[in-house]
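Trainee: This is the content of coords10.cif (mmCIF, C-alpha atoms):
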```cif
data_data
#
loop_
_atom_site.group_PDB
_atom_site.id
_atom_site.type_symbol
_atom_site.label_atom_id
_atom_site.label_comp_id
_atom_site.auth_asym_id
_atom_site.auth_seq_id
_atom_site.Cartn_x
_atom_site.Cartn_y
_atom_site.Cartn_z
ATOM 1 C CA MET A 4 -11.698 5.137 -22.315
ATOM 2 C CA TYR A 5 -10.326 2.507 -19.944
ATOM 3 C CA ARG A 6 -10.927 2.599 -16.196
ATOM 4 C CA ILE A 7 -8.270 2.355 -13.527
ATOM 5 C CA ILE A 8 -9.379 0.224 -10.591
ATOM 6 C CA THR A 9 -7.575 -0.658 -7.379
ATOM 7 C CA ASP A 10 -8.304 -1.978 -3.878
ATOM 8 C CA SER A 11 -8.717 -0.627 -0.370
ATOM 9 C CA GLU A 12 -5.062 -1.285 0.469
ATOM 10 C CA CYS A 13 -3.879 1.664 -1.651
ATOM 11 C CA ASP A 14 -4.419 3.982 1.355
ATOM 12 C CA LEU A 15 -5.331 6.966 -0.782
ATOM 13 C CA PRO A 16 -8.006 9.505 0.172
ATOM 14 C CA VAL A 17 -11.489 8.517 -0.970
ATOM 15 C CA GLU A 18 -11.909 12.016 -2.397
ATOM 16 C CA PHE A 19 -8.946 11.478 -4.721
ATOM 17 C CA LEU A 20 -10.329 8.165 -5.966
ATOM 18 C CA LYS A 21 -13.762 9.644 -6.605
ATOM 19 C CA THR A 22 -12.388 12.727 -8.350
ATOM 20 C CA ASN A 23 -10.315 10.572 -10.686
ATOM 21 C CA ASN A 24 -13.004 7.933 -11.271
ATOM 22 C CA VAL A 25 -10.945 5.146 -9.658
ATOM 23 C CA ASP A 26 -13.037 2.345 -8.178
ATOM 24 C CA ALA A 27 -11.780 0.029 -5.411
ATOM 25 C CA ILE A 28 -12.561 -3.477 -4.223
ATOM 26 C CA TYR A 29 -12.543 -3.955 -0.444
ATOM 27 C CA PHE A 30 -10.400 -6.289 1.656
ATOM 28 C CA HIS A 31 -11.707 -7.826 4.924
ATOM 29 C CA THR A 32 -10.648 -7.896 8.582
ATOM 30 C CA GLU A 33 -11.991 -9.547 11.711
ATOM 31 C CA ILE A 34 -11.427 -8.099 15.175
ATOM 32 C CA GLU A 35 -12.864 -9.390 18.439
ATOM 33 C CA GLY A 36 -15.306 -11.573 16.536
ATOM 34 C CA GLN A 37 -16.575 -8.744 14.356
ATOM 35 C CA GLU A 38 -16.171 -9.011 10.583
ATOM 36 C CA LEU A 39 -15.224 -5.687 9.026
ATOM 37 C CA VAL A 40 -15.066 -4.386 5.475
ATOM 38 C CA ASN A 41 -11.969 -2.336 4.754
ATOM 39 C CA ASP A 42 -13.850 0.460 3.029
ATOM 40 C CA PHE A 43 -11.535 3.351 3.917
ATOM 41 C CA GLY A 44 -13.151 3.715 7.338
ATOM 42 C CA LYS A 45 -16.669 4.411 6.067
ATOM 43 C CA SER A 46 -18.424 1.578 7.918
ATOM 44 C CA TYR A 47 -15.981 1.251 10.839
ATOM 45 C CA PRO A 48 -13.867 4.229 11.972
ATOM 46 C CA LEU A 49 -10.141 3.732 11.594
ATOM 47 C CA THR A 50 -9.618 5.721 14.806
ATOM 48 C CA LYS A 51 -11.547 3.035 16.708
ATOM 49 C CA PHE A 52 -9.578 0.285 14.993
ATOM 50 C CA TYR A 53 -6.299 1.996 15.912
ATOM 51 C CA GLU A 54 -7.423 2.248 19.556
ATOM 52 C CA GLN A 55 -8.099 -1.486 19.602
ATOM 53 C CA ILE A 56 -4.721 -2.507 18.205
ATOM 54 C CA LYS A 57 -2.998 0.045 20.466
ATOM 55 C CA ALA A 58 -4.616 -1.808 23.367
ATOM 56 C CA GLY A 59 -3.125 -5.073 22.077
ATOM 57 C CA VAL A 60 -6.081 -6.629 20.258
ATOM 58 C CA LEU A 61 -4.894 -8.952 17.465
ATOM 59 C CA PRO A 62 -7.058 -8.813 14.296
ATOM 60 C CA THR A 63 -7.072 -11.366 11.495
ATOM 61 C CA THR A 64 -7.288 -10.670 7.775
ATOM 62 C CA THR A 65 -8.618 -12.571 4.777
ATOM 63 C CA GLN A 66 -7.813 -12.159 1.112
ATOM 64 C CA VAL A 67 -10.339 -11.113 -1.496
ATOM 65 C CA ASN A 68 -11.629 -14.285 -3.105
ATOM 66 C CA ILE A 69 -12.043 -15.194 -6.774
ATOM 67 C CA GLY A 70 -15.802 -14.710 -6.733
ATOM 68 C CA GLU A 71 -15.515 -11.166 -5.390
ATOM 69 C CA TYR A 72 -13.020 -10.214 -8.069
ATOM 70 C CA THR A 73 -15.154 -11.841 -10.756
ATOM 71 C CA GLU A 74 -18.192 -9.779 -9.782
ATOM 72 C CA PHE A 75 -16.079 -6.637 -9.471
ATOM 73 C CA PHE A 76 -14.564 -7.020 -12.943
ATOM 74 C CA LYS A 77 -17.859 -8.069 -14.559
ATOM 75 C CA LYS A 78 -19.390 -4.651 -13.858
ATOM 76 C CA TYR A 79 -17.058 -3.196 -16.461
ATOM 77 C CA VAL A 80 -16.935 -6.129 -18.853
ATOM 78 C CA GLU A 81 -20.729 -6.059 -19.208
ATOM 79 C CA LYS A 82 -20.474 -2.410 -20.254
ATOM 80 C CA ASP A 83 -17.563 -3.159 -22.609
ATOM 81 C CA ILE A 84 -15.237 -0.923 -20.575
ATOM 82 C CA PRO A 85 -11.520 -1.870 -20.617
ATOM 83 C CA ILE A 86 -9.991 -1.993 -17.125
ATOM 84 C CA VAL A 87 -6.585 -2.123 -15.495
ATOM 85 C CA TYR A 88 -6.432 -3.392 -11.922
ATOM 86 C CA VAL A 89 -3.528 -1.798 -10.043
ATOM 87 C CA GLY A 90 -3.429 -4.046 -7.003
ATOM 88 C CA PHE A 91 -1.863 -5.051 -3.708
ATOM 89 C CA SER A 92 1.414 -6.985 -3.784
ATOM 90 C CA GLY A 93 1.122 -10.645 -4.674
ATOM 91 C CA GLY A 94 4.136 -11.206 -2.433
ATOM 92 C CA LEU A 95 2.094 -10.185 0.603
ATOM 93 C CA SER A 96 -1.348 -11.560 -0.188
ATOM 94 C CA GLY A 97 -2.998 -14.273 -2.249
ATOM 95 C CA SER A 98 -5.526 -11.703 -3.441
ATOM 96 C CA MET A 99 -3.474 -10.936 -6.543
ATOM 97 C CA SER A 100 -3.658 -14.615 -7.524
ATOM 98 C CA SER A 101 -7.437 -14.475 -7.022
ATOM 99 C CA ALA A 102 -7.636 -11.450 -9.303
ATOM 100 C CA ARG A 103 -5.721 -13.246 -12.050
ATOM 101 C CA GLN A 104 -7.903 -16.341 -11.756
ATOM 102 C CA ALA A 105 -11.043 -14.196 -11.913
ATOM 103 C CA ARG A 106 -9.725 -12.635 -15.105
ATOM 104 C CA GLU A 107 -9.232 -16.062 -16.686
ATOM 105 C CA ILE A 108 -12.744 -17.152 -15.703
ATOM 106 C CA ILE A 109 -14.269 -14.058 -17.313
ATOM 107 C CA LEU A 110 -12.192 -14.443 -20.475
ATOM 108 C CA GLU A 111 -13.535 -17.973 -20.985
ATOM 109 C CA ASP A 112 -16.987 -16.528 -21.730
ATOM 110 C CA ASN A 113 -15.818 -13.077 -22.865
ATOM 111 C CA PRO A 114 -12.582 -13.639 -24.809
ATOM 112 C CA HIS A 115 -12.515 -10.073 -26.103
ATOM 113 C CA ALA A 116 -12.795 -8.463 -22.658
ATOM 114 C CA GLN A 117 -9.921 -6.128 -21.880
ATOM 115 C CA ILE A 118 -8.817 -6.832 -18.303
ATOM 116 C CA ARG A 119 -5.236 -5.974 -17.436
ATOM 117 C CA ILE A 120 -3.694 -6.880 -14.084
ATOM 118 C CA VAL A 121 -0.789 -4.947 -12.547
ATOM 119 C CA ASP A 122 0.848 -6.438 -9.460
ATOM 120 C CA THR A 123 2.339 -3.313 -7.898
ATOM 121 C CA LEU A 124 4.635 -5.428 -5.678
ATOM 122 C CA ALA A 125 3.786 -2.763 -3.131
ATOM 123 C CA ALA A 126 1.707 -2.177 -0.029
ATOM 124 C CA SER A 127 -0.194 0.689 1.546
ATOM 125 C CA GLY A 128 0.942 4.067 0.230
ATOM 126 C CA GLY A 129 3.333 2.289 -2.128
ATOM 127 C CA GLU A 130 0.401 0.827 -4.006
ATOM 128 C CA GLY A 131 -1.230 4.242 -3.725
ATOM 129 C CA ARG A 132 1.844 5.968 -5.103
ATOM 130 C CA LEU A 133 1.627 3.776 -8.197
ATOM 131 C CA VAL A 134 -2.092 4.465 -8.527
ATOM 132 C CA LEU A 135 -1.098 8.150 -8.663
ATOM 133 C CA GLU A 136 1.210 7.285 -11.550
ATOM 134 C CA ALA A 137 -1.572 5.397 -13.340
ATOM 135 C CA VAL A 138 -3.870 8.422 -13.048
ATOM 136 C CA ARG A 139 -1.093 10.721 -14.256
ATOM 137 C CA LEU A 140 -0.417 8.525 -17.266
ATOM 138 C CA GLN A 141 -4.089 8.255 -18.181
ATOM 139 C CA LYS A 142 -4.516 12.024 -17.986
ATOM 140 C CA SER A 143 -1.441 12.501 -20.170
ATOM 141 C CA GLY A 144 -3.114 10.426 -22.899
ATOM 142 C CA ALA A 145 -1.368 7.076 -22.391
ATOM 143 C CA SER A 146 -3.199 4.120 -23.919
ATOM 144 C CA LEU A 147 -3.984 1.039 -21.850
ATOM 145 C CA ASP A 148 -1.056 -0.812 -23.411
ATOM 146 C CA GLU A 149 1.273 2.140 -22.800
ATOM 147 C CA LEU A 150 0.208 2.347 -19.162
ATOM 148 C CA VAL A 151 0.825 -1.358 -18.552
ATOM 149 C CA LYS A 152 4.194 -1.137 -20.330
ATOM 150 C CA TRP A 153 5.184 1.784 -18.082
ATOM 151 C CA PHE A 154 4.463 -0.334 -15.037
ATOM 152 C CA ASP A 155 6.501 -3.224 -16.405
ATOM 153 C CA GLN A 156 9.459 -0.910 -16.842
ATOM 154 C CA ASN A 157 9.134 1.381 -13.822
ATOM 155 C CA LYS A 158 7.243 -0.096 -10.877
ATOM 156 C CA LEU A 159 10.420 -1.344 -9.176
ATOM 157 C CA ARG A 160 11.619 2.249 -9.008
ATOM 158 C CA LEU A 161 9.149 2.657 -6.170
ATOM 159 C CA GLN A 162 11.024 2.872 -2.882
ATOM 160 C CA GLN A 163 9.133 1.936 0.302
ATOM 161 C CA TRP A 164 10.293 1.792 3.910
ATOM 162 C CA PHE A 165 8.486 1.055 7.165
ATOM 163 C CA THR A 166 9.164 1.179 10.864
ATOM 164 C CA VAL A 167 6.963 -0.147 13.661
ATOM 165 C CA ASP A 168 6.647 0.751 17.323
ATOM 166 C CA ASN A 169 5.549 -2.685 18.510
ATOM 167 C CA LEU A 170 7.192 -5.952 17.475
ATOM 168 C CA THR A 171 4.302 -8.114 18.713
ATOM 169 C CA TYR A 172 2.340 -7.746 15.506
ATOM 170 C CA LEU A 173 5.261 -8.710 13.290
ATOM 171 C CA TYR A 174 5.672 -11.823 15.435
ATOM 172 C CA HIS A 175 1.940 -12.549 15.287
ATOM 173 C CA GLY A 176 2.086 -12.291 11.494
ATOM 174 C CA GLY A 177 5.018 -14.716 11.309
ATOM 175 C CA ARG A 178 7.557 -12.071 10.261
ATOM 176 C CA ILE A 179 9.870 -12.535 13.269
ATOM 177 C CA SER A 180 10.357 -15.159 15.992
ATOM 178 C CA ARG A 181 8.976 -14.874 19.518
ATOM 179 C CA ALA A 182 12.532 -14.611 20.873
ATOM 180 C CA SER A 183 13.381 -11.774 18.496
ATOM 181 C CA ALA A 184 10.191 -9.947 19.391
ATOM 182 C CA THR A 185 10.810 -10.334 23.137
ATOM 183 C CA LEU A 186 14.465 -9.311 22.973
ATOM 184 C CA GLY A 187 13.742 -6.462 20.568
ATOM 185 C CA THR A 188 11.067 -5.119 22.878
ATOM 186 C CA LEU A 189 13.400 -5.238 25.870
ATOM 187 C CA LEU A 190 16.136 -3.426 23.934
ATOM 188 C CA LYS A 191 13.617 -0.964 22.436
ATOM 189 C CA VAL A 192 14.600 -1.972 18.904
ATOM 190 C CA LYS A 193 12.731 -0.171 16.128
ATOM 191 C CA PRO A 194 13.278 -2.146 12.918
ATOM 192 C CA LEU A 195 13.597 -0.606 9.488
ATOM 193 C CA LEU A 196 11.839 -2.699 6.852
ATOM 194 C CA ASP A 197 11.274 -2.446 3.127
ATOM 195 C CA VAL A 198 9.610 -4.453 0.369
ATOM 196 C CA ASP A 199 11.899 -6.525 -1.837
ATOM 197 C CA PRO A 200 11.665 -6.816 -5.661
ATOM 198 C CA SER A 201 9.319 -9.802 -5.329
ATOM 199 C CA GLY A 202 6.903 -7.744 -3.253
ATOM 200 C CA LYS A 203 7.702 -9.348 0.112
ATOM 201 C CA LEU A 204 8.457 -7.610 3.392
ATOM 202 C CA ARG A 205 12.046 -7.816 4.615
ATOM 203 C CA PHE A 206 14.180 -6.471 7.441
ATOM 204 C CA VAL A 207 16.806 -3.884 6.525
ATOM 205 C CA SER A 208 18.295 -2.931 9.891
ATOM 206 C CA LYS A 209 17.658 -2.590 13.611
ATOM 207 C CA ILE A 210 17.552 0.904 15.070
ATOM 208 C CA ARG A 211 17.696 1.534 18.813
ATOM 209 C CA THR A 212 15.337 4.505 19.175
ATOM 210 C CA ARG A 213 12.010 5.598 17.711
ATOM 211 C CA LYS A 214 13.302 9.062 16.840
ATOM 212 C CA ARG A 215 16.289 7.651 14.968
ATOM 213 C CA SER A 216 14.056 5.263 13.022
ATOM 214 C CA LEU A 217 11.828 8.146 11.916
ATOM 215 C CA ILE A 218 14.783 10.264 10.862
ATOM 216 C CA THR A 219 16.100 7.291 8.880
ATOM 217 C CA LEU A 220 12.799 7.071 6.982
ATOM 218 C CA ALA A 221 13.101 10.721 5.970
ATOM 219 C CA GLU A 222 16.732 10.309 4.963
ATOM 220 C CA LYS A 223 15.851 7.304 2.805
ATOM 221 C CA VAL A 224 13.271 9.398 0.926
ATOM 222 C CA VAL A 225 15.632 12.302 0.284
ATOM 223 C CA SER A 226 18.401 9.956 -0.857
ATOM 224 C CA ALA A 227 16.115 8.092 -3.261
ATOM 225 C CA MET A 228 14.788 11.264 -4.877
ATOM 226 C CA LYS A 229 18.227 12.561 -5.875
ATOM 227 C CA ASN A 230 17.470 15.184 -8.549
ATOM 228 C CA ASP A 231 13.901 14.007 -9.199
ATOM 229 C CA LEU A 232 12.359 16.429 -6.719
ATOM 230 C CA ASP A 233 9.164 17.314 -8.559
ATOM 231 C CA GLN A 234 7.038 14.382 -7.403
ATOM 232 C CA SER A 235 4.610 13.288 -4.713
ATOM 233 C CA ILE A 236 5.789 11.649 -1.498
ATOM 234 C CA ILE A 237 3.351 9.585 0.527
ATOM 235 C CA ILE A 238 3.646 8.947 4.259
ATOM 236 C CA THR A 239 1.218 6.561 5.917
ATOM 237 C CA THR A 240 0.674 5.718 9.567
ATOM 238 C CA SER A 241 -1.476 3.458 11.692
ATOM 239 C CA GLY A 242 -2.475 6.204 14.068
ATOM 240 C CA ASP A 243 0.755 7.944 15.107
ATOM 241 C CA TRP A 244 0.126 11.279 13.401
ATOM 242 C CA GLU A 245 2.769 13.081 15.437
ATOM 243 C CA ALA A 246 5.454 10.669 14.253
ATOM 244 C CA ALA A 247 4.272 10.921 10.646
ATOM 245 C CA ASP A 248 4.374 14.704 10.811
ATOM 246 C CA PHE A 249 7.889 14.525 12.298
ATOM 247 C CA VAL A 250 9.007 12.553 9.235
ATOM 248 C CA LYS A 251 7.261 15.024 6.929
ATOM 249 C CA GLN A 252 8.935 18.024 8.529
ATOM 250 C CA HIS A 253 12.330 16.332 8.386
ATOM 251 C CA ILE A 254 11.835 15.767 4.641
ATOM 252 C CA LEU A 255 10.728 19.371 4.110
ATOM 253 C CA ASN A 256 13.816 20.592 5.956
ATOM 254 C CA ARG A 257 15.858 18.951 3.197
ATOM 255 C CA VAL A 258 13.510 19.400 0.232
ATOM 256 C CA SER A 259 11.471 22.478 1.059
ATOM 257 C CA ASN A 260 9.130 22.363 -1.954
ATOM 258 C CA ALA A 261 8.345 18.633 -1.756
ATOM 259 C CA ASP A 262 4.726 17.539 -2.172
ATOM 260 C CA VAL A 263 4.223 15.377 0.932
ATOM 261 C CA GLN A 264 0.892 13.872 1.969
ATOM 262 C CA ILE A 265 0.078 11.879 5.099
ATOM 263 C CA ASN A 266 -2.621 9.195 4.868
ATOM 264 C CA PRO A 267 -3.985 6.603 7.301
ATOM 265 C CA ILE A 268 -2.968 2.969 6.914
ATOM 266 C CA GLY A 269 -5.939 0.698 6.287
ATOM 267 C CA MET A 270 -7.024 -2.186 8.470
ATOM 268 C CA THR A 271 -5.203 -4.955 6.598
ATOM 269 C CA ILE A 272 -1.687 -3.567 6.918
ATOM 270 C CA SER A 273 -2.388 -2.144 10.390
ATOM 271 C CA SER A 274 -3.428 -5.645 11.491
ATOM 272 C CA HIS A 275 0.097 -6.843 10.727
ATOM 273 C CA THR A 276 2.080 -3.826 11.951
ATOM 274 C CA GLY A 277 0.165 -2.750 15.032
ATOM 275 C CA PHE A 278 -0.403 0.795 16.191
ATOM 276 C CA GLY A 279 2.243 3.367 15.325
ATOM 277 C CA CYS A 280 3.614 2.054 12.063
ATOM 278 C CA VAL A 281 5.026 4.833 9.887
ATOM 279 C CA ALA A 282 5.883 4.216 6.244
ATOM 280 C CA VAL A 283 7.270 6.339 3.395
ATOM 281 C CA PHE A 284 6.930 5.939 -0.360
ATOM 282 C CA VAL A 285 8.667 7.731 -3.220
ATOM 283 C CA MET A 286 9.719 7.013 -6.788
ATOM 284 C CA GLY A 287 13.469 6.558 -6.948
ATOM 285 C CA THR A 288 15.768 6.931 -9.918
ATOM 286 C CA GLU A 289 16.882 3.292 -9.727
ATOM 287 C CA ASN A 290 15.128 -0.042 -9.236
ATOM 288 C CA ARG A 291 15.109 -1.440 -5.718
ATOM 289 C CA LYS A 292 17.236 -4.519 -5.215
#
```
Could you write out this file's structure as structure tokens?
Mentor:
Amino acid sequence: MYRIITDSECDLPVEFLKTNNVDAIYFHTEIEGQELVNDFGKSYPLTKFYEQIKAGVLPTTTQVNIGEYTEFFKKYVEKDIPIVYVGFSGGLSGSMSSARQAREIILEDNPHAQIRIVDTLAASGGEGRLVLEAVRLQKSGASLDELVKWFDQNKLRLQQWFTVDNLTYLYHGGRISRASATLGTLLKVKPLLDVDPSGKLRFVSKIRTRKRSLITLAEKVVSAMKNDLDQSIIITTSGDWEAADFVKQHILNRVSNADVQINPIGMTISSHTGFGCVAVFVMGTENRK
């Protein structure tokens, strides 16, 4: 039996990963001179991290390097266990490139090793939503090849939207200019963002109020679902639980039996969005464009 593996940017509950035998490699963050491991809040509480970014502290992030991926993959190769890495968007981080290079290094000495790499072209709960699909497919009896083929054909059906409450972090991460951040803050602009088909963050529209931006997130989910209502919806937030619950309730007002879960955003994404980011993820009936 093959193993599904992922990374700490999937923003899924640790209990779910353990129950379904999904292992994860950890990303890294540095804040106020302290190097942190993004291990789902086990070694450094996410609540404390959220308090720091809410106060305006600017963290930095580093990608997982080739050596880390090599050691991570080798644990399974040495036991002759096939693996599929369902990982963080290569359009947002160089970590996916590191994973692919680690695979090639291992195959030089172990040409028969079965290591499959899936670039989810997604972030946060979007990556997590596709990990849910991988687990579902494995439980349904899909082979490793069938699982990878499903991703090739369906991963762009994933719809993912974000809004942030503070434009400073998008500016700090090079996503917007200083002038745009300053003007947007003065006008109380709350941008709507998504992830494009190449896995990169992009602006969709500018919304003048926080409440309207949250309602728009919920409306995007309901519109994308169409008649495919029997599925999981993931909401993630970097600390604004009230806002995330507002989005959840707005979805449930439209789709009363929807399976909606709210999860915390990990340190890497939170470092680039700041406190109060709210994001929604759902499988649509059409590919995103």
Trainee: Show which residues sit within 7 Å of Thr63 of chain A, as a list in words. Count all atoms listed in the file, and ignore same-chain residues fewer than 6 positions away.
Mentor: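 The contact residues come out as Thr32, Glu33, Ile34 and Ser274 of chain A.
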Trainee: Please measure the separation of atom CA of Thr276 of chain A and atom CA of Trp244 of chain A, giving the value in Å to one decimal.
Mentor: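 Spanning atom CA of Thr276 of chain A to atom CA of Trp244 of chain A is a straight-line distance of 15.3 Å.
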Trainee: Any chance you could resolve the PyMOL selection byres ((chain A and resi 160) around 6) against this file and give the residues as JSON, numbers by chain?
Mentor: {"A": [157, 158, 159, 161, 286, 287, 289, 290]}
Trainee: Using C-alpha atoms, can you export the residues from the last selection as a PDB file, in the coordinates of the input?
Mentor:
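Contents of the output file part-v7.pdb:
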```
ATOM      1  CA  ASN A 157       9.134   1.381 -13.822  1.00  0.00           C
ATOM      2  CA  LYS A 158       7.243  -0.096 -10.877  1.00  0.00           C
ATOM      3  CA  LEU A 159      10.420  -1.344  -9.176  1.00  0.00           C
ATOM      4  CA  LEU A 161       9.149   2.657  -6.170  1.00  0.00           C
ATOM      5  CA  MET A 286       9.719   7.013  -6.788  1.00  0.00           C
ATOM      6  CA  GLY A 287      13.469   6.558  -6.948  1.00  0.00           C
ATOM      7  CA  GLU A 289      16.882   3.292  -9.727  1.00  0.00           C
ATOM      8  CA  ASN A 290      15.128  -0.042  -9.236  1.00  0.00           C
TER       9      ASN A 290
END
```
Trainee: Could you tell me which of A:Leu15, A:Ala145, A:Ile84, A:Ile56 comes closest to Gly277 of chain A if we count all atoms listed in the file?
Mentor: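 Checking each candidate against Gly277 of chain A, we get A:Ile56 as the closest.
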Trainee: Find, counting all atoms listed in the file, the residue in A:Thr171, A:Thr22, A:Ser241, A:Asn41 that gets nearest to Val60 of chain A.
Mentor: A:Thr171
Trainee: Once the PyMOL selection byres ((chain A and resi 257) around 12) has been evaluated on this model, what residues remain selected, and can you format them as number ranges by chain?
Mentor: A: 218, 221-226, 228-229, 232, 250-256, 258-261
Trainee: Find the distance between atom CA of Val17 of chain A and atom CA of Gly44 of chain A and write it in Å to one decimal.
Mentor: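 It comes out at 9.7 Å.
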Trainee: Take atom CA of Tyr47 of chain A and atom CA of Tyr29 of chain A and report the distance between them in Å, one decimal.
Mentor: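 Taking atom CA of Tyr47 of chain A as the start and atom CA of Tyr29 of chain A as the end point, the length is 12.9 Å.
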Trainee: Give me the segment 29-89 of chain A side of the contact with segment 137-142 of chain A, cut-off 12 Å, one line per residue showing its nearest atom pair and distance in Å at one decimal, counting all atoms listed in the file, sorted by chain and residue number, as a tab-separated table.
Mentor:
```
residue	atom	partner	partner_atom	distance
A:Ile86	CA	A:Ala137	CA	11.8
A:Val87	CA	A:Ala137	CA	9.3
A:Tyr88	CA	A:Ala137	CA	10.1
A:Val89	CA	A:Ala137	CA	8.2
```
Trainee: Hey, can you spit out that residue selection with C-alpha atoms as a JSON list (two decimals), in the coordinates of the input?
Mentor:
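Result file out08.json:
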```json
[["chain", "number", "residue", "atom", "x", "y", "z"],
["A", 86, "ILE", "CA", -9.99, -1.99, -17.12],
["A", 87, "VAL", "CA", -6.58, -2.12, -15.50],
["A", 88, "TYR", "CA", -6.43, -3.39, -11.92],
["A", 89, "VAL", "CA", -3.53, -1.80, -10.04]]
```
Trainee: Which one is closest to Trp153 of chain A: A:Asp168, A:Glu136, A:Glu18, A:Asp112? Count only C-alpha atoms.
Mentor: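 The closest residue to Trp153 of chain A is A:Glu136.
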Trainee: Quick one: residues within 9 Å of segment 263-268 of chain A, all atoms listed in the file counted, chain neighbours fewer than 4 positions away excluded, as a PyMOL selection string?
Mentor: chain A and resi 12-16+43+49+127-128+234-242+244+247-248+251+254-255+272-273+280-282
Trainee: Please, could you write that set of residues out with C-alpha atoms as an mmCIF file, in the coordinates of the input?
Mentor:
```
data_model
loop_
_atom_site.group_PDB
_atom_site.id
_atom_site.type_symbol
_atom_site.label_atom_id
_atom_site.label_comp_id
_atom_site.auth_asym_id
_atom_site.auth_seq_id
_atom_site.Cartn_x
_atom_site.Cartn_y
_atom_site.Cartn_z
ATOM 1 C CA GLU A 12 -5.062 -1.285 0.469
ATOM 2 C CA CYS A 13 -3.879 1.664 -1.651
ATOM 3 C CA ASP A 14 -4.419 3.982 1.355
ATOM 4 C CA LEU A 15 -5.331 6.966 -0.782
ATOM 5 C CA PRO A 16 -8.006 9.505 0.172
ATOM 6 C CA PHE A 43 -11.535 3.351 3.917
ATOM 7 C CA LEU A 49 -10.141 3.732 11.594
ATOM 8 C CA SER A 127 -0.194 0.689 1.546
ATOM 9 C CA GLY A 128 0.942 4.067 0.230
ATOM 10 C CA GLN A 234 7.038 14.382 -7.403
ATOM 11 C CA SER A 235 4.610 13.288 -4.713
ATOM 12 C CA ILE A 236 5.789 11.649 -1.498
ATOM 13 C CA ILE A 237 3.351 9.585 0.527
ATOM 14 C CA ILE A 238 3.646 8.947 4.259
ATOM 15 C CA THR A 239 1.218 6.561 5.917
ATOM 16 C CA THR A 240 0.674 5.718 9.567
ATOM 17 C CA SER A 241 -1.476 3.458 11.692
ATOM 18 C CA GLY A 242 -2.475 6.204 14.068
ATOM 19 C CA TRP A 244 0.126 11.279 13.401
ATOM 20 C CA ALA A 247 4.272 10.921 10.646
ATOM 21 C CA ASP A 248 4.374 14.704 10.811
ATOM 22 C CA LYS A 251 7.261 15.024 6.929
ATOM 23 C CA ILE A 254 11.835 15.767 4.641
ATOM 24 C CA LEU A 255 10.728 19.371 4.110
ATOM 25 C CA ILE A 272 -1.687 -3.567 6.918
ATOM 26 C CA SER A 273 -2.388 -2.144 10.390
ATOM 27 C CA CYS A 280 3.614 2.054 12.063
ATOM 28 C CA VAL A 281 5.026 4.833 9.887
ATOM 29 C CA ALA A 282 5.883 4.216 6.244
#
```
Trainee: Which is closer to Val207 of chain A than all the others in A:Thr50, A:Lys292, A:Asp155, A:Asp42, using all atoms listed in the file?
Mentor: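 Of the candidates, the smallest distance to Val207 of chain A is held by A:Lys292.
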Trainee: Find the residue from A:Asn113, A:Thr65, A:Thr288, A:Thr166 that sits nearest to Arg215 of chain A; use all atoms listed in the file when measuring.
Mentor: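 Going through A:Asn113, A:Thr65, A:Thr288, A:Thr166 one by one, the smallest distance to Arg215 of chain A is for A:Thr166.
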Trainee: Out of A:Ser46, A:Ser11, A:Ser216, A:Ser98, which residue has the shortest atom-to-atom distance to Phe165 of chain A when counting all atoms listed in the file?
Mentor: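 Residue with the minimum atom-to-atom distance to Phe165 of chain A: A:Ser216.
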Trainee: Expanded to explicit residues, what is the PyMOL selection byres ((chain A and resi 68-80) around 12) for this file, as a compact mmCIF listing (two decimals) with C-alpha atoms, in the frame of the given file?
Mentor:
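Result file is out-v5.txt:
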```txt
# COMPACT_ATOMS: atom_id res chain seq x y z
CA MET A 4 -11.70 5.14 -22.32
CA TYR A 5 -10.33 2.51 -19.94
CA ARG A 6 -10.93 2.60 -16.20
CA ILE A 7 -8.27 2.36 -13.53
CA ILE A 8 -9.38 0.22 -10.59
CA THR A 9 -7.58 -0.66 -7.38
CA ASP A 10 -8.30 -1.98 -3.88
CA ASP A 26 -13.04 2.35 -8.18
CA ALA A 27 -11.78 0.03 -5.41
CA ILE A 28 -12.56 -3.48 -4.22
CA TYR A 29 -12.54 -3.96 -0.44
CA PHE A 30 -10.40 -6.29 1.66
CA HIS A 31 -11.71 -7.83 4.92
CA THR A 65 -8.62 -12.57 4.78
CA GLN A 66 -7.81 -12.16 1.11
CA VAL A 67 -10.34 -11.11 -1.50
CA GLU A 81 -20.73 -6.06 -19.21
CA LYS A 82 -20.47 -2.41 -20.25
CA ASP A 83 -17.56 -3.16 -22.61
CA ILE A 84 -15.24 -0.92 -20.58
CA PRO A 85 -11.52 -1.87 -20.62
CA ILE A 86 -9.99 -1.99 -17.12
CA VAL A 87 -6.58 -2.12 -15.50
CA TYR A 88 -6.43 -3.39 -11.92
CA GLY A 90 -3.43 -4.05 -7.00
CA SER A 96 -1.35 -11.56 -0.19
CA GLY A 97 -3.00 -14.27 -2.25
CA SER A 98 -5.53 -11.70 -3.44
CA MET A 99 -3.47 -10.94 -6.54
CA SER A 100 -3.66 -14.62 -7.52
CA SER A 101 -7.44 -14.48 -7.02
CA ALA A 102 -7.64 -11.45 -9.30
CA ARG A 103 -5.72 -13.25 -12.05
CA GLN A 104 -7.90 -16.34 -11.76
CA ALA A 105 -11.04 -14.20 -11.91
CA ARG A 106 -9.72 -12.64 -15.10
CA GLU A 107 -9.23 -16.06 -16.69
CA ILE A 108 -12.74 -17.15 -15.70
CA ILE A 109 -14.27 -14.06 -17.31
CA LEU A 110 -12.19 -14.44 -20.48
CA ASP A 112 -16.99 -16.53 -21.73
CA ASN A 113 -15.82 -13.08 -22.86
CA PRO A 114 -12.58 -13.64 -24.81
CA HIS A 115 -12.52 -10.07 -26.10
CA ALA A 116 -12.80 -8.46 -22.66
CA GLN A 117 -9.92 -6.13 -21.88
CA ILE A 118 -8.82 -6.83 -18.30
CA ARG A 119 -5.24 -5.97 -17.44
CA ILE A 120 -3.69 -6.88 -14.08
```
